[in-house]
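Working notes, structure below.
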Amino acid sequence: MGGTDSPQSWFANQLQRLRTSSGSPTQAQLLAYDEKKVLSRSSLSDLLAGKFTKPPPWERVAAYATACVRAAHAARIDLSPQDEIARLRGDHATLTDLLEVASRDVRTPAARPERSRARPATYRLPPRNTHFTGRDAALRELRQRLTSGEDGAMQAVHGLGGVGKTQLAVEYAYLYLSEYRYVVFVDAEDPDLVASQFVSLARELGLAEASSEQVVAQVYGRLRDHTPWLVIFDNGERPGMLLKALPSGDLGSGGHVIVTTRRRGWSSRAGVIDLEVFTRREAVELLARRVRGTTPAVADRIAEQLGDLPLALEQAAGYMNYNRTAPEDYLALLSSRLEDMIALGELADRPAVVVATLWQLSVRKLEVEQPHARQLLEHCALLAPEPIPLDLFTGATEPLNAAAADPVAWDTTVGALAGLGLARREAFSLVLHRLVQAAVRAAMPADLRTDARTRLCRALAAAVPNDIHGDPDARSRWQRLLPHVLVVTKDEPPAGCAAETADLLRLAAEFLLSIGDPSVALSLCERAVAIDESLEHRDAELGFDLITLAQIHRDRGDQERAGSTAQRALRLHESCLPADSPAIATDLATLARIRHLLGDHRAAMVLAERALRIDEAAYGPDDPYVSFDLIALAGVHLALDDHAVAVPLIARALRIREASYAPDHLYIGYALLLKARALHALNDPAAAGLARRGAQILNKRLGKTHPQAAEAFALADGLAGTGPGS
């Protein structure tokens with residue numbers, strides 16, 4: 001086996017990484033999972049130790065990968081055999097290339113005297129990261145582009161701060177060190193200091209008399225004597241800021257340039273590789289290697305909290321190792337104190353770098369150059385780490401951002417966040433990494449956070465659809481805005497937006513109930529009730545909260561509590577609203593269903609008929625709200641065995657819903673299932689087909705494991721005469 005930087009050692013590390021990701025199975029377990037018996041104890045040991053002088057047979061490597069994946073599946077770790085085998089096939093090809101180069105250097109030293117060097121000359125190249133994890137595909141892509149000969153000799157590695165751009169460039173330099181005669185590393189974060197580094201480099205190259213005006217050209221001239229060479233500009237700004245330091249003309253085969261940057265705008269000067277955060281497999285692998293006792297399940301949850309950001313994962317490992325914190329305890333701290341934890345934990349090679357301060361320079365640039373963009377960033381930091389609809393800002397009645405009124409100003413404001421790498425801009429939304437959000441929140445003064453949260457709460461209250469049942473677009477809009485509503489309303493509300501917070505909580509609960517999730521809806525609606533009870537002049541709104549809460553209790557099976565809550569809502573509304581108000585009809589229809597479920601069918605019928613009269617007068621005969629009254633009334637008739645009366649009521653409700661909602665809406669599914677039960681009681685063979693359609697809608701919208709969907713399939717199977725077990 002070669003030394004620690006040898007191709008054999010590198011390939012053995014790739015094999016060990018897969019083994020770690022698989023739950024660290026023993027060699028005995030790997031041999032047991034090798035069903036074709038390609039591996040032997042000695043060949044497996046040699047493979048993992050890198051004891052080979054030529055590439056091991058691919059069949060052996062593939063057998064090892066397959067055994068690891070089977071071990072992972074036995075340990076309930078999700079690994080894809082196709083992905084792992086494809087990754088190792090690429091590594092095996094790279095190994096073959098590396099060993100061929102090494103063999104050629106040994107056989108023909110006279111033909112390539114430059115290869116007789118033990119190591120090429122380097123300038124300020126940082127030490128290699130011994131914990132470097134993953135990025136195999138990115139390294140291969142970078143190498144392929146730099147050596148393609150198609151104007152690819154200059155590449156910009158672009159990505160979010162902390163994503164590992166510098167580490168990738170440094171790992172590339174060490175991985176292909178034998179391919180270069182001179183490797184230069186330039187700190188380019190401050191363009192004014194780049195020239196002084198070139199003066200220092202000139203002295204290293206023997207250019208003691210180099211003038212400051214000509215030093216860059218003289219350095220590149222001297223590097224021609226050391227071809228091929230590699231220059232890395234780390235954390236570069238826009239191309240114009242580095243123009244004097246970049247090589248002019250065609251690089252040809254003389255050298256390669258890598259620029260790591262958070263900035264957009266390099267595509268006109270270089271090829272661009274967008275580096276994303278780790279895959280979850282890479283993130284789990286890093287934590288498992290760095291922190292003893294980390295299980296894949298806990299590592300997965302830590303990685304989720306940290307958004308798979310490589311720097312944050314390294315920082316977390318440093319914190320746990322230094323403080324001897326158990327991974328489970330660290331996860332609990334992350335879950336409750338994220339903004340504090342991103343400031344704690346050191347990196348061995350970069351002790352001054354922590355996630356909490358990673359984006360401070362970019363934020364300061366915004367403050368000077370684009371104050372509206374700084375405000376936008378702060379507002380976005382208080383929302384969920386999900387796509388943030390831009391029309392939340394442009395469509396607000398009370399503007400959240402002054403730039404939103406001017407299309408050009410708004411475009412450059414949004415573009416500033418994307419250009420500095422603080423956000424990803426999509427067609428109609430912005431996406432911020434959760435740790436960018438946490439760092440920005442941590443730096444915001446308390447009064448600024450309160451003001452921003454109040455503004456966001458009001459904007460969301462104006463943006464969410466209030467008519468969840470009647471508005472055909474309500475569902476898609478709510479699905480986009482719900483994560484942000486939940487984040488903005490999770491804490492006690494500021495006094496300036498308490499009423500809006502209560503409205504958002506109740507509407508969110510109503511939406512969740514409409515998509516079959518009453519358990520999550522319960523706590524939201526209870527908070528809405530508590531807030532409205534503490535405010536004056538909110539009787540009508542409190543009634544809305546209570547009737548939604550009654551519906552939640554009903555769907556959760558607690559009919560007694562549902563009945564008393566609905567009665568309270570009805571009394572409140574009758575005391576403050578006109579007798580023919582549709583809100584009273586909603587109370588009556590809800591109470592009718594509850595009375596029906598409690599067995600008081602006659603009282604339920606009176607309530608449902610009254611609700612139907614109010615809604616038909618208020619909305620007309622074909623409104624979606626009328627369909628709810630019809631369903632409530634039909635349910636009572638079914639309980640009284642009046643199936644022939646119930647069927648036309650359900651059919652009318654179904655026609656209204658099919659004209660008002662998408663074909664796969666849950667409300668249509670519910671109506672189909674109810675009609676199937678009624679027709680089955682009348683021995684109508686059409687019942688089975690209706691039940692199957694209804695079950696398929698519930699399966700699509702709720703998932704087959706949801707209790708309502710499972711019950712629907714059981715009904716469909718029973719009506720079809722197949723039975724649930726067939």
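How things are named: the first chain in the structure tokens is A, the next is B, and so on; residues count from 1 in each chain; ligands count from 1 in the order shown.
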Exercise for the section: Give me the residues within 10 Å of A:Gly635 as an MDAnalysis selection string, counting only C-alpha atoms and dropping any in the same chain fewer than 6 places off. Expected result: chainID A and resid 592:593 596:597 601 604:605 608 629 641:643 646:647 649:650 674 678
Could you write out the selected residues, including all heavy atoms, as a CSV table (one decimal), in the first residue's frame?
```csv
chain,number,residue,atom,x,y,z
A,592,ALA,N,-75.7,20.2,13.8
A,592,ALA,CA,-76.6,19.1,13.3
A,592,ALA,C,-75.8,17.8,13.1
A,592,ALA,O,-76.2,16.7,13.5
A,592,ALA,CB,-77.2,19.5,11.9
A,593,ARG,N,-74.6,17.9,12.6
A,593,ARG,CA,-73.8,16.7,12.4
A,593,ARG,C,-73.4,16.1,13.7
A,593,ARG,O,-73.4,14.8,13.9
A,593,ARG,CB,-72.5,17.0,11.6
A,593,ARG,CG,-72.8,17.4,10.2
A,593,ARG,CD,-71.5,17.5,9.4
A,593,ARG,NE,-71.7,17.9,8.0
A,593,ARG,CZ,-70.7,17.8,7.1
A,593,ARG,NH1,-69.6,17.4,7.4
A,593,ARG,NH2,-71.0,18.2,5.9
A,596,HIS,N,-76.4,14.4,15.2
A,596,HIS,CA,-76.6,13.1,14.5
A,596,HIS,C,-75.6,12.0,15.0
A,596,HIS,O,-76.0,10.9,15.2
A,596,HIS,CB,-76.4,13.4,13.0
A,596,HIS,CG,-76.0,12.2,12.1
A,596,HIS,ND1,-76.8,11.1,12.1
A,596,HIS,CD2,-75.0,12.1,11.3
A,596,HIS,CE1,-76.2,10.2,11.2
A,596,HIS,NE2,-75.1,10.8,10.7
A,597,LEU,N,-74.4,12.4,15.2
A,597,LEU,CA,-73.4,11.4,15.6
A,597,LEU,C,-73.7,11.0,17.1
A,597,LEU,O,-73.3,9.8,17.5
A,597,LEU,CB,-72.0,12.0,15.6
A,597,LEU,CG,-71.4,12.2,14.2
A,597,LEU,CD1,-70.1,13.1,14.2
A,597,LEU,CD2,-71.2,10.9,13.5
A,601,HIS,N,-81.3,12.3,16.2
A,601,HIS,CA,-81.5,12.5,14.8
A,601,HIS,C,-82.6,13.5,14.5
A,601,HIS,O,-82.5,14.3,13.6
A,601,HIS,CB,-81.8,11.2,14.1
A,601,HIS,CG,-80.8,10.1,14.3
A,601,HIS,ND1,-79.4,10.4,14.1
A,601,HIS,CD2,-80.9,8.9,14.7
A,601,HIS,CE1,-78.8,9.2,14.4
A,601,HIS,NE2,-79.6,8.3,14.8
A,604,ALA,N,-81.2,16.9,15.1
A,604,ALA,CA,-80.2,17.2,14.0
A,604,ALA,C,-80.9,17.6,12.7
A,604,ALA,O,-80.5,18.5,12.0
A,604,ALA,CB,-79.4,15.9,13.7
A,605,MET,N,-82.1,17.0,12.4
A,605,MET,CA,-82.8,17.3,11.2
A,605,MET,C,-83.3,18.8,11.2
A,605,MET,O,-83.2,19.5,10.3
A,605,MET,CB,-84.0,16.4,11.0
A,605,MET,CG,-84.7,16.6,9.6
A,605,MET,SD,-86.0,15.4,9.3
A,605,MET,CE,-85.1,13.9,9.2
A,608,ALA,N,-80.3,21.1,10.6
A,608,ALA,CA,-79.8,21.0,9.3
A,608,ALA,C,-80.7,21.7,8.3
A,608,ALA,O,-80.3,22.4,7.4
A,608,ALA,CB,-79.6,19.6,8.9
A,629,ASP,N,-74.7,21.8,4.0
A,629,ASP,CA,-76.0,21.7,4.6
A,629,ASP,C,-76.7,20.4,4.1
A,629,ASP,O,-77.3,19.7,4.8
A,629,ASP,CB,-76.8,22.9,4.4
A,629,ASP,CG,-76.1,24.2,4.9
A,629,ASP,OD1,-75.4,24.1,5.9
A,629,ASP,OD2,-76.4,25.2,4.3
A,641,ASP,N,-82.8,5.7,8.2
A,641,ASP,CA,-83.1,4.7,7.1
A,641,ASP,C,-84.0,5.3,6.0
A,641,ASP,O,-84.7,4.5,5.3
A,641,ASP,CB,-83.8,3.4,7.7
A,641,ASP,CG,-82.8,2.7,8.6
A,641,ASP,OD1,-81.6,2.7,8.3
A,641,ASP,OD2,-83.3,2.0,9.6
A,642,ASP,N,-84.0,6.6,5.9
A,642,ASP,CA,-84.7,7.2,4.8
A,642,ASP,C,-83.8,7.3,3.6
A,642,ASP,O,-83.4,8.4,3.1
A,642,ASP,CB,-85.2,8.6,5.2
A,642,ASP,CG,-86.2,8.6,6.3
A,642,ASP,OD1,-86.9,7.5,6.4
A,642,ASP,OD2,-86.3,9.6,7.0
A,643,HIS,N,-83.3,6.2,3.1
A,643,HIS,CA,-82.3,6.2,2.0
A,643,HIS,C,-82.7,6.9,0.7
A,643,HIS,O,-82.0,7.6,0.1
A,643,HIS,CB,-81.8,4.8,1.8
A,643,HIS,CG,-81.2,4.1,3.0
A,643,HIS,ND1,-82.0,3.2,3.7
A,643,HIS,CD2,-80.1,4.2,3.6
A,643,HIS,CE1,-81.3,2.8,4.7
A,643,HIS,NE2,-80.1,3.4,4.7
A,646,ALA,N,-82.4,10.5,1.2
A,646,ALA,CA,-81.0,10.9,1.3
A,646,ALA,C,-80.3,11.0,-0.1
A,646,ALA,O,-79.5,11.9,-0.3
A,646,ALA,CB,-80.3,10.0,2.2
A,647,VAL,N,-80.6,10.1,-0.9
A,647,VAL,CA,-79.9,10.0,-2.2
A,647,VAL,C,-80.0,11.2,-3.0
A,647,VAL,O,-78.9,11.8,-3.5
A,647,VAL,CB,-80.3,8.7,-3.0
A,647,VAL,CG1,-79.7,8.8,-4.4
A,647,VAL,CG2,-79.8,7.5,-2.3
A,649,LEU,N,-80.5,14.3,-2.1
A,649,LEU,CA,-79.8,15.3,-1.4
A,649,LEU,C,-78.3,15.2,-1.6
A,649,LEU,O,-77.6,16.2,-1.9
A,649,LEU,CB,-80.1,15.3,0.1
A,649,LEU,CG,-81.6,15.5,0.6
A,649,LEU,CD1,-81.7,15.2,2.1
A,649,LEU,CD2,-81.9,17.0,0.3
A,650,ILE,N,-77.8,14.0,-1.5
A,650,ILE,CA,-76.4,13.8,-1.7
A,650,ILE,C,-76.0,14.1,-3.2
A,650,ILE,O,-75.0,14.7,-3.5
A,650,ILE,CB,-76.0,12.3,-1.4
A,650,ILE,CG1,-76.3,12.0,0.1
A,650,ILE,CG2,-74.5,12.1,-1.6
A,650,ILE,CD1,-76.2,10.6,0.5
A,674,LEU,N,-70.3,8.8,0.7
A,674,LEU,CA,-71.6,8.9,1.3
A,674,LEU,C,-72.7,8.4,0.4
A,674,LEU,O,-73.6,7.6,0.8
A,674,LEU,CB,-71.9,10.3,1.8
A,674,LEU,CG,-73.2,10.5,2.7
A,674,LEU,CD1,-73.0,9.7,4.0
A,674,LEU,CD2,-73.4,12.0,2.9
A,678,ALA,N,-75.4,5.1,0.6
A,678,ALA,CA,-76.8,5.2,0.5
A,678,ALA,C,-77.3,4.3,-0.6
A,678,ALA,O,-78.4,3.6,-0.5
A,678,ALA,CB,-77.2,6.7,0.2
```
Per DSSP on the backbone, what are the strand (DSSP E or B) residues of stretch 177-345 of chain A, as a JSON list (two decimals) with C-alpha atoms, in the first residue's frame?
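Output (part_29.json):
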```json
[["chain", "number", "residue", "atom", "x", "y", "z"],
["A", 182, "TYR", "CA", 3.24, 24.97, -9.10],
["A", 183, "VAL", "CA", 0.07, 25.47, -7.02],
["A", 184, "VAL", "CA", -0.84, 28.97, -5.80],
["A", 185, "PHE", "CA", -3.54, 29.91, -3.29],
["A", 186, "VAL", "CA", -4.64, 33.58, -3.20],
["A", 187, "ASP", "CA", -6.98, 35.03, -0.58],
["A", 229, "TRP", "CA", 0.29, 25.35, -12.85],
["A", 230, "LEU", "CA", -2.82, 25.96, -10.79],
["A", 231, "VAL", "CA", -3.93, 29.26, -9.20],
["A", 232, "ILE", "CA", -6.85, 29.29, -6.74],
["A", 233, "PHE", "CA", -8.52, 32.63, -5.98],
["A", 234, "ASP", "CA", -10.48, 32.03, -2.80],
["A", 235, "ASN", "CA", -13.70, 33.92, -2.06],
["A", 236, "GLY", "CA", -13.44, 36.20, -5.06],
["A", 255, "GLY", "CA", -2.35, 26.48, -16.38],
["A", 256, "HIS", "CA", -5.70, 26.29, -14.62],
["A", 257, "VAL", "CA", -7.55, 28.88, -12.54],
["A", 258, "ILE", "CA", -10.20, 28.13, -9.90],
["A", 259, "VAL", "CA", -12.18, 30.96, -8.32],
["A", 260, "THR", "CA", -14.40, 30.26, -5.32],
["A", 261, "THR", "CA", -17.15, 32.84, -4.97],
["A", 271, "GLY", "CA", -17.24, 28.20, -16.43],
["A", 272, "VAL", "CA", -19.44, 28.05, -13.33],
["A", 273, "ILE", "CA", -20.01, 25.06, -11.06],
["A", 274, "ASP", "CA", -22.85, 25.61, -8.58]]
```
Problem - Backbone DSSP call of helix (DSSP H, G or I) for stretch 360-431 of chain A, listed as a PyMOL selection string - result: chain A and resi 360-369+371-381+391-394+402-405+407-419
Exercise for the section: For A:Leu666, work out the shell of residues within 7 Å, counting only C-alpha atoms and skipping chain neighbours fewer than 2 positions away, then give it as a ChimeraX atom specification. Expected result: /A:664,668-670,697-698,701
Handout entry: Coordinates-based distance that separates atom CA of A:Thr294 from atom CA of A:Glu84 (Å, one decimal)
Key = 21.8 Å
Practice task
May I have the residues within 8 Å of A:Gln167 as a VMD selection string, using only C-alpha atoms and disregarding those fewer than 3 positions away in the same chain?
Solution key: chain A and resid 129 132 164 170 to 171
Practice task
Take atom CA of A:Leu338 and atom CA of A:Thr454 and report the distance between them in Å, one decimal.
Solution key: 22.1 Å
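Reported to one decimal place, the separation of atom CA of A:Ala188 from atom CA of A:Leu201 is 14.1 Å.
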Problem - Residue neighbourhood A:Ala416, 8 Å, only C-alpha atoms, exclusion window fewer than 2 positions, as JSON, numbers by chain - result: {"A": [366, 370, 373, 412, 413, 414, 418, 419, 420]}
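Surrounding stretch 64-70 of chain A within 6 Å are Ser22, Leu30, Tyr33 and Asp34 of chain A, with only C-alpha atoms counted and residues fewer than 4 positions along the same chain left out.
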Problem - stretch 140-149 of chain A surroundings by only C-alpha atoms, 10 Å radius, close-in-sequence under 4 positions cut, as a list in words - result: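 Within the cut-off, the hits are Gly90, Asp91, Thr94, Arg135, Asp136, Ala153, Met154, Gln155, Ala156, Val157, Leu168, Ala169, Tyr172, Tyr176, Leu251, Gly252, Ser253, Gly255, His256, Val257, Ile258, Gly271, Val272 and Ile273 of chain A.
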With N, CA, C and O atoms retained, export the selected residues as a compact mmCIF listing (two decimals), in the first residue's frame.
```
# COMPACT_ATOMS: atom_id res chain seq x y z
N GLY A 90 -17.20 5.35 -10.78
CA GLY A 90 -16.44 6.56 -11.11
C GLY A 90 -15.13 6.62 -10.33
O GLY A 90 -14.09 6.99 -10.87
N ASP A 91 -15.18 6.26 -9.02
CA ASP A 91 -13.96 6.25 -8.21
C ASP A 91 -12.96 5.23 -8.74
O ASP A 91 -11.75 5.47 -8.75
N THR A 94 -11.26 6.67 -11.70
CA THR A 94 -10.26 7.66 -11.26
C THR A 94 -9.02 6.96 -10.72
O THR A 94 -7.88 7.37 -10.99
N ARG A 135 -18.36 14.83 -2.08
CA ARG A 135 -18.04 15.73 -3.19
C ARG A 135 -17.34 15.03 -4.35
O ARG A 135 -16.65 15.67 -5.16
N ASP A 136 -17.49 13.72 -4.45
CA ASP A 136 -16.78 12.99 -5.50
C ASP A 136 -17.21 13.45 -6.90
O ASP A 136 -16.37 13.66 -7.78
N ALA A 153 -10.34 26.21 -18.88
CA ALA A 153 -9.20 26.26 -17.97
C ALA A 153 -9.41 27.23 -16.81
O ALA A 153 -8.58 27.28 -15.90
N MET A 154 -10.49 27.99 -16.83
CA MET A 154 -10.84 28.84 -15.68
C MET A 154 -12.26 28.47 -15.24
O MET A 154 -13.19 28.53 -16.04
N GLN A 155 -12.39 28.06 -13.98
CA GLN A 155 -13.68 27.64 -13.45
C GLN A 155 -13.98 28.38 -12.16
O GLN A 155 -13.11 28.51 -11.29
N ALA A 156 -15.22 28.86 -12.03
CA ALA A 156 -15.69 29.49 -10.80
C ALA A 156 -16.57 28.50 -10.06
O ALA A 156 -17.53 27.97 -10.64
N VAL A 157 -16.24 28.24 -8.81
CA VAL A 157 -17.06 27.38 -7.96
C VAL A 157 -17.93 28.31 -7.12
O VAL A 157 -17.44 29.02 -6.25
N LEU A 168 -13.43 22.34 -1.28
CA LEU A 168 -13.43 21.61 -2.55
C LEU A 168 -12.20 21.98 -3.37
O LEU A 168 -11.52 21.09 -3.92
N ALA A 169 -11.90 23.27 -3.45
CA ALA A 169 -10.74 23.71 -4.25
C ALA A 169 -9.44 23.16 -3.67
O ALA A 169 -8.55 22.72 -4.41
N TYR A 172 -9.24 19.46 -4.33
CA TYR A 172 -8.86 19.25 -5.73
C TYR A 172 -7.35 19.41 -5.90
O TYR A 172 -6.69 18.61 -6.58
N TYR A 176 -5.02 16.21 -7.16
CA TYR A 176 -4.32 16.23 -8.46
C TYR A 176 -2.98 16.94 -8.35
O TYR A 176 -2.48 17.49 -9.35
N LEU A 251 -5.46 30.52 -21.77
CA LEU A 251 -4.55 29.78 -20.90
C LEU A 251 -3.95 28.57 -21.60
O LEU A 251 -2.87 28.10 -21.25
N GLY A 252 -4.70 28.04 -22.58
CA GLY A 252 -4.21 26.86 -23.28
C GLY A 252 -3.95 25.73 -22.31
O GLY A 252 -4.72 25.47 -21.41
N SER A 253 -2.83 25.05 -22.48
CA SER A 253 -2.47 23.95 -21.58
C SER A 253 -1.50 24.40 -20.50
O SER A 253 -0.95 23.60 -19.76
N GLY A 255 -1.94 26.45 -17.77
CA GLY A 255 -2.35 26.48 -16.38
C GLY A 255 -3.85 26.47 -16.22
O GLY A 255 -4.61 26.59 -17.19
N HIS A 256 -4.28 26.30 -14.97
CA HIS A 256 -5.70 26.29 -14.62
C HIS A 256 -5.95 27.32 -13.54
O HIS A 256 -5.09 27.57 -12.69
N VAL A 257 -7.14 27.91 -13.55
CA VAL A 257 -7.55 28.88 -12.54
C VAL A 257 -8.87 28.42 -11.95
O VAL A 257 -9.81 28.08 -12.68
N ILE A 258 -8.95 28.40 -10.62
CA ILE A 258 -10.20 28.13 -9.90
C ILE A 258 -10.51 29.36 -9.05
O ILE A 258 -9.65 29.84 -8.31
N GLY A 271 -16.20 29.19 -16.66
CA GLY A 271 -17.24 28.20 -16.43
C GLY A 271 -17.68 28.27 -14.97
O GLY A 271 -16.89 28.64 -14.10
N VAL A 272 -18.92 27.94 -14.69
CA VAL A 272 -19.44 28.05 -13.33
C VAL A 272 -19.97 26.70 -12.87
O VAL A 272 -20.80 26.08 -13.55
N ILE A 273 -19.48 26.26 -11.72
CA ILE A 273 -20.01 25.06 -11.06
C ILE A 273 -20.75 25.51 -9.82
O ILE A 273 -20.17 26.13 -8.93
```
Handout entry: Selected residue of minimal separation from A:Thr130 among A:Ala402, A:Arg290, A:Ala75, A:Gly254, counting only C-alpha atoms
Key =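 The answer is A:Arg290, which sits nearest to A:Thr130.
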Practice task
Considering only C-alpha atoms, state which residue in the set A:Arg655, A:Val520, A:Leu673, A:Gln559 is at the smallest distance from A:Gly599.
Solution key: A:Gln559
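Counting only C-alpha atoms and comparing A:Leu432, A:Ala611, A:Leu207, A:Leu598, the residue that lies closest to A:Val626 is A:Ala611.
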